[in-house]
Structure formats: structure tokens, C-alpha cells
$ cat structure_33.cif   # mmCIF, C-alpha atoms
data_start
#
loop_
_atom_site.label_atom_id
_atom_site.label_comp_id
_atom_site.auth_asym_id
_atom_site.auth_seq_id
_atom_site.Cartn_x
_atom_site.Cartn_y
_atom_site.Cartn_z
CA MET A 75 -27.68 30.84 34.12
CA ALA A 76 -25.03 31.23 31.39
CA SER A 77 -24.57 34.40 29.36
CA SER A 78 -23.58 32.94 25.98
CA GLY A 79 -22.76 35.44 23.23
CA THR A 80 -23.84 38.45 25.24
CA ALA A 81 -20.76 40.66 25.15
CA LYS A 82 -21.73 44.20 24.12
CA ILE A 83 -19.53 46.55 22.11
CA THR A 84 -20.02 50.29 22.43
CA LEU A 85 -18.00 53.28 21.23
CA PRO A 86 -17.79 55.85 24.03
CA ALA A 87 -15.42 58.12 22.04
CA ASP A 88 -13.98 58.35 18.53
CA ASP A 89 -10.86 56.43 19.59
CA GLN A 90 -12.37 53.98 22.11
CA ILE A 91 -13.98 50.55 22.15
CA LEU A 92 -15.82 49.36 25.27
CA ILE A 93 -16.63 45.67 25.58
CA THR A 94 -18.78 44.53 28.51
CA ARG A 95 -19.92 41.05 29.45
CA GLU A 96 -21.50 39.52 32.52
CA PHE A 97 -20.27 36.06 33.51
CA ALA A 98 -22.18 33.57 35.65
CA ALA A 99 -19.19 33.04 37.93
CA PRO A 100 -17.57 34.83 40.88
CA ARG A 101 -14.93 37.47 40.20
CA ARG A 102 -12.08 35.47 41.78
CA LEU A 103 -12.66 32.62 39.31
CA VAL A 104 -13.04 34.85 36.25
CA TYR A 105 -9.85 36.70 37.23
CA ARG A 106 -8.02 33.43 37.84
CA ALA A 107 -9.01 32.13 34.37
CA TRP A 108 -7.98 35.52 32.88
CA THR A 109 -4.50 35.57 34.44
CA THR A 110 -3.31 31.94 34.69
CA PRO A 111 -1.38 30.85 31.58
CA GLU A 112 -2.58 27.23 31.50
CA LEU A 113 -6.19 28.44 31.86
CA VAL A 114 -5.85 31.22 29.25
CA LYS A 115 -4.75 28.52 26.78
CA ARG A 116 -8.17 26.90 27.20
CA TRP A 117 -10.29 29.93 26.20
CA TRP A 118 -8.29 32.65 24.44
CA GLY A 119 -8.36 31.07 20.98
CA GLY A 120 -12.13 30.67 20.92
CA HIS A 121 -12.86 28.13 18.17
CA ARG A 122 -10.29 29.66 15.81
CA GLY A 123 -7.36 27.32 16.42
CA THR A 124 -5.04 26.10 19.15
CA VAL A 125 -3.33 28.42 21.60
CA THR A 126 0.30 27.31 21.48
CA SER A 127 1.88 29.80 23.87
CA VAL A 128 0.74 31.97 26.76
CA GLU A 129 3.33 34.03 28.62
CA ILE A 130 2.14 36.16 31.53
CA ASP A 131 4.45 38.17 33.81
CA LEU A 132 1.65 39.69 35.88
CA ARG A 133 3.34 42.71 37.44
CA VAL A 134 3.65 46.37 36.52
CA GLY A 135 6.26 46.49 33.77
CA GLY A 136 5.80 42.77 33.10
CA ARG A 137 5.03 41.52 29.62
CA TRP A 138 2.44 39.18 28.17
CA ARG A 139 2.25 37.32 24.84
CA TYR A 140 -0.35 34.93 23.42
CA VAL A 141 0.10 32.87 20.23
CA LEU A 142 -2.63 31.04 18.32
CA ALA A 143 -2.02 28.46 15.60
CA ALA A 144 -4.90 29.12 13.22
CA GLY A 145 -5.84 27.30 10.03
CA HIS A 146 -3.36 26.56 7.23
CA GLY A 147 -0.32 27.02 9.47
CA GLN A 148 -1.09 30.68 10.09
CA GLU A 149 0.10 32.05 13.42
CA VAL A 150 -1.65 34.92 15.20
CA ALA A 151 0.08 36.62 18.12
CA PHE A 152 -0.55 39.54 20.47
CA HIS A 153 1.69 41.00 23.15
CA GLY A 154 1.88 43.91 25.53
CA GLU A 155 3.05 45.35 28.81
CA TYR A 156 1.21 45.56 32.11
CA ARG A 157 0.93 49.15 33.32
CA GLU A 158 -1.33 48.74 36.34
CA ILE A 159 -2.60 45.76 38.32
CA ALA A 160 -5.11 45.70 41.18
CA GLU A 161 -5.58 41.99 41.84
CA ALA A 162 -9.05 40.69 40.90
CA GLU A 163 -10.21 44.27 40.22
CA ARG A 164 -8.35 45.98 37.39
CA ILE A 165 -5.62 45.40 34.81
CA VAL A 166 -4.22 48.07 32.48
CA ASN A 167 -2.03 46.88 29.61
CA THR A 168 -0.96 47.66 26.09
CA GLU A 169 -2.07 45.35 23.28
CA VAL A 170 -0.07 44.89 20.06
CA PHE A 171 -1.24 42.66 17.22
CA GLU A 172 1.90 41.12 15.75
CA MET A 173 1.29 41.53 12.05
CA PRO A 174 3.78 42.16 9.24
CA GLY A 175 4.95 45.76 9.34
CA ALA A 176 3.70 46.40 12.88
CA PRO A 177 6.20 48.09 15.18
CA GLU A 178 7.79 45.83 17.78
CA SER A 179 7.50 48.50 20.48
CA ASP A 180 4.30 49.25 22.36
CA GLU A 181 4.48 52.92 21.42
CA GLY A 182 1.14 54.00 19.99
CA ALA A 183 -0.48 50.66 20.82
CA PRO A 184 -4.00 50.54 22.24
CA VAL A 185 -4.15 50.72 26.03
CA VAL A 186 -6.73 48.35 27.49
CA THR A 187 -8.25 48.85 30.94
CA THR A 188 -10.04 45.72 32.12
CA THR A 189 -12.19 45.83 35.25
CA PHE A 190 -13.78 42.93 37.12
CA THR A 191 -16.88 43.76 39.19
CA GLU A 192 -18.91 41.19 41.15
CA HIS A 193 -22.57 41.41 42.14
CA ASP A 194 -24.55 38.49 43.57
CA GLY A 195 -21.93 35.94 42.50
CA ARG A 196 -21.82 37.16 38.87
CA THR A 197 -18.93 39.10 37.38
CA THR A 198 -19.05 41.93 34.89
CA VAL A 199 -15.88 42.38 32.86
CA ALA A 200 -15.48 45.75 31.14
CA MET A 201 -12.62 46.25 28.66
CA LEU A 202 -12.00 49.82 27.53
CA SER A 203 -9.54 50.01 24.62
CA GLU A 204 -8.09 53.46 24.03
CA CYS A 205 -6.79 53.28 20.48
CA GLY A 206 -5.30 56.73 19.98
CA SER A 207 -7.12 57.34 16.69
CA ARG A 208 -10.45 56.72 15.05
CA GLU A 209 -8.66 54.94 12.19
CA LEU A 210 -7.05 52.38 14.50
CA ARG A 211 -10.32 51.89 16.38
CA ASP A 212 -12.23 51.33 13.14
CA GLY A 213 -9.57 48.94 11.85
CA ILE A 214 -9.90 46.83 14.98
CA LEU A 215 -13.69 46.80 14.67
CA GLU A 216 -13.53 45.88 10.97
CA SER A 217 -11.09 43.01 11.62
CA GLY A 218 -13.90 40.61 12.51
CA MET A 219 -12.81 40.56 16.14
CA GLU A 220 -16.36 40.41 17.51
CA THR A 221 -17.06 36.80 16.48
CA GLY A 222 -13.83 35.52 18.03
CA MET A 223 -14.35 37.61 21.15
CA GLN A 224 -17.86 36.18 21.68
CA GLU A 225 -16.42 32.66 21.36
CA GLN A 226 -13.59 33.48 23.77
CA PHE A 227 -15.94 34.85 26.38
CA ASP A 228 -18.32 31.88 26.13
CA LEU A 229 -15.37 29.53 26.74
CA LEU A 230 -14.07 31.77 29.55
CA GLU A 231 -17.43 31.59 31.30
CA GLU A 232 -17.57 27.77 31.01
CA LEU A 233 -14.03 27.53 32.35
CA ALA A 234 -14.62 29.92 35.27
CA GLN A 235 -17.75 27.97 36.24
CA SER A 236 -15.78 24.70 36.16
CA LEU A 237 -13.23 26.09 38.65
CA ARG A 238 -15.79 26.21 41.50
#
$ encode --input "structure_33.cif" --output "C-alpha cells"
Amino acid sequence: MASSGTAKITLPADDQILITREFAAPRRLVYRAWTTPELVKRWWGGHRGTVTSVEIDLRVGGRWRYVLAAGHGQEVAFHGEYREIAEAERIVNTEVFEMPGAPESDEGAPVVTTTFTEHDGRTTVAMLSECGSRELRDGILESGMETGMQEQFDLLEELAQSLR
């Protein structure tokens, strides 16, 4: 049974966002879709455009960068650095939204801890974003990110199921 649109957002602290979602697919397949560039291209953009670039250097100290070509020639990009990796269990990374005026360094960027937990062939993904301030947290929440995230996760689930 699919889990369409069921990601939950909670605020465990003034500077944190916790997103949880159960996927109807085993952890190894969800993790594979999460960490394989050609697979990330198929879900990360949701229905917001075309993912034109996915770079993943999946190692501690490695970097990642995703680029989406959205409507009217607009480009949306995020990047970060991997700080911790426990294969198929946990990834800790920074996340920088590349917008005009944003610093190029990861200093002060949100730190995202993503965990993958399997039970009875279903996987729960939990993403805890530690934003460093209530203002940054609230800005992220007010950006409209929830709609895109729900679309991404629905596509991720379909993709993970297709990898069986």
C-alpha cells in the first residue's frame, strides 16, 4: 500500500524541522534511490521542473549538489557537504540553498540528519534539520517547501518500489 502525501512536519525545537515519512519499500531500495545520482534525477524535482544535474560524492567530506530547471528558465540549486555516513542507515550533511546573496560556504547552513529505518519491509525516513535559528527555520517553512517535498517523496516511493 502506497503512502502518498503522508510526510509529516513537526518542530521539535525552535531551530529544528523534523520531516518523517513511511515508504512502502525496503530500506535498501529507498537508500539506493536517495543516493544514486541517476535515480535522484527522477524524483528530487517533484513536479516543479527538470533536474538537470545531480552530483553526489557519498563520503565524509564529500560534496553534493542538485540543480533543477524550473519554469521560465529559473534555476534552483542546493549543495552541501557530507559529515557522516552509515550506509543504508544514516546520512548527516549540510544543506545550502543557492540563492542570490547566500554565502558560498556551508558555515551556518542547516545540518540535516536523515535516518532510514525498516520494519516489515517498509521504510521510515526521518530528516531532522537543525537550522541554527528560529528565523532560518521559519523562513524555510514559509518558502512553500512542503508541497514540493510531498511531491518528491511520492515520486521517491514509486521509484523505490520499481527497483524491486
$ resolve_selection --input "structure_33.cif" --expression "the PyMOL selection byres ((chain A and resi 149-159) around 6)" --output "list in words"
Val134, Gly135, Gly136, Arg137, Trp138, Arg139, Tyr140, Val141, Leu142, Ala143, Ala144, Gln148, Ala160, Glu161, Arg164, Ile165, Val166, Asn167, Thr168, Glu169, Val170, Phe171 and Glu172 of chain A
$ residues_around --input "structure_33.cif" --residues "Glu232 of chain A" --least-positions-apart "6" --cutoff "12 Å" --atoms "only C-alpha atoms" --output "ChimeraX atom specification"
/A:75-78,97-99,103-104,107,113,116-117,120,225-226,238
$ residues_around --input "structure_33.cif" --residues "segment 212-217 of chain A" --least-positions-apart "3" --cutoff "9 Å" --atoms "only C-alpha atoms" --output "PyMOL selection string"
chain A and resi 89+91+207-209+220
$ resolve_selection --input "structure_33.cif" --expression "the PyMOL selection byres ((chain A and resi 191-194) around 12)" --output "JSON, numbers by chain"
{"A": [94, 95, 96, 97, 98, 99, 100, 101, 102, 103, 104, 105, 161, 162, 163, 164, 188, 189, 190, 195, 196, 197, 198, 199, 200, 201]}
$ atom_distance --input "structure_33.cif" --atom1 "atom CA of Leu85 of chain A" --atom2 "atom CA of Arg133 of chain A"
28.8 Å
$ atom_distance --input "structure_33.cif" --atom1 "atom CA of Thr110 of chain A" --atom2 "atom CA of Thr84 of chain A"
27.7 Å
$ atom_distance --input "structure_33.cif" --atom1 "atom CA of Ile130 of chain A" --atom2 "atom CA of Leu237 of chain A"
19.7 Å
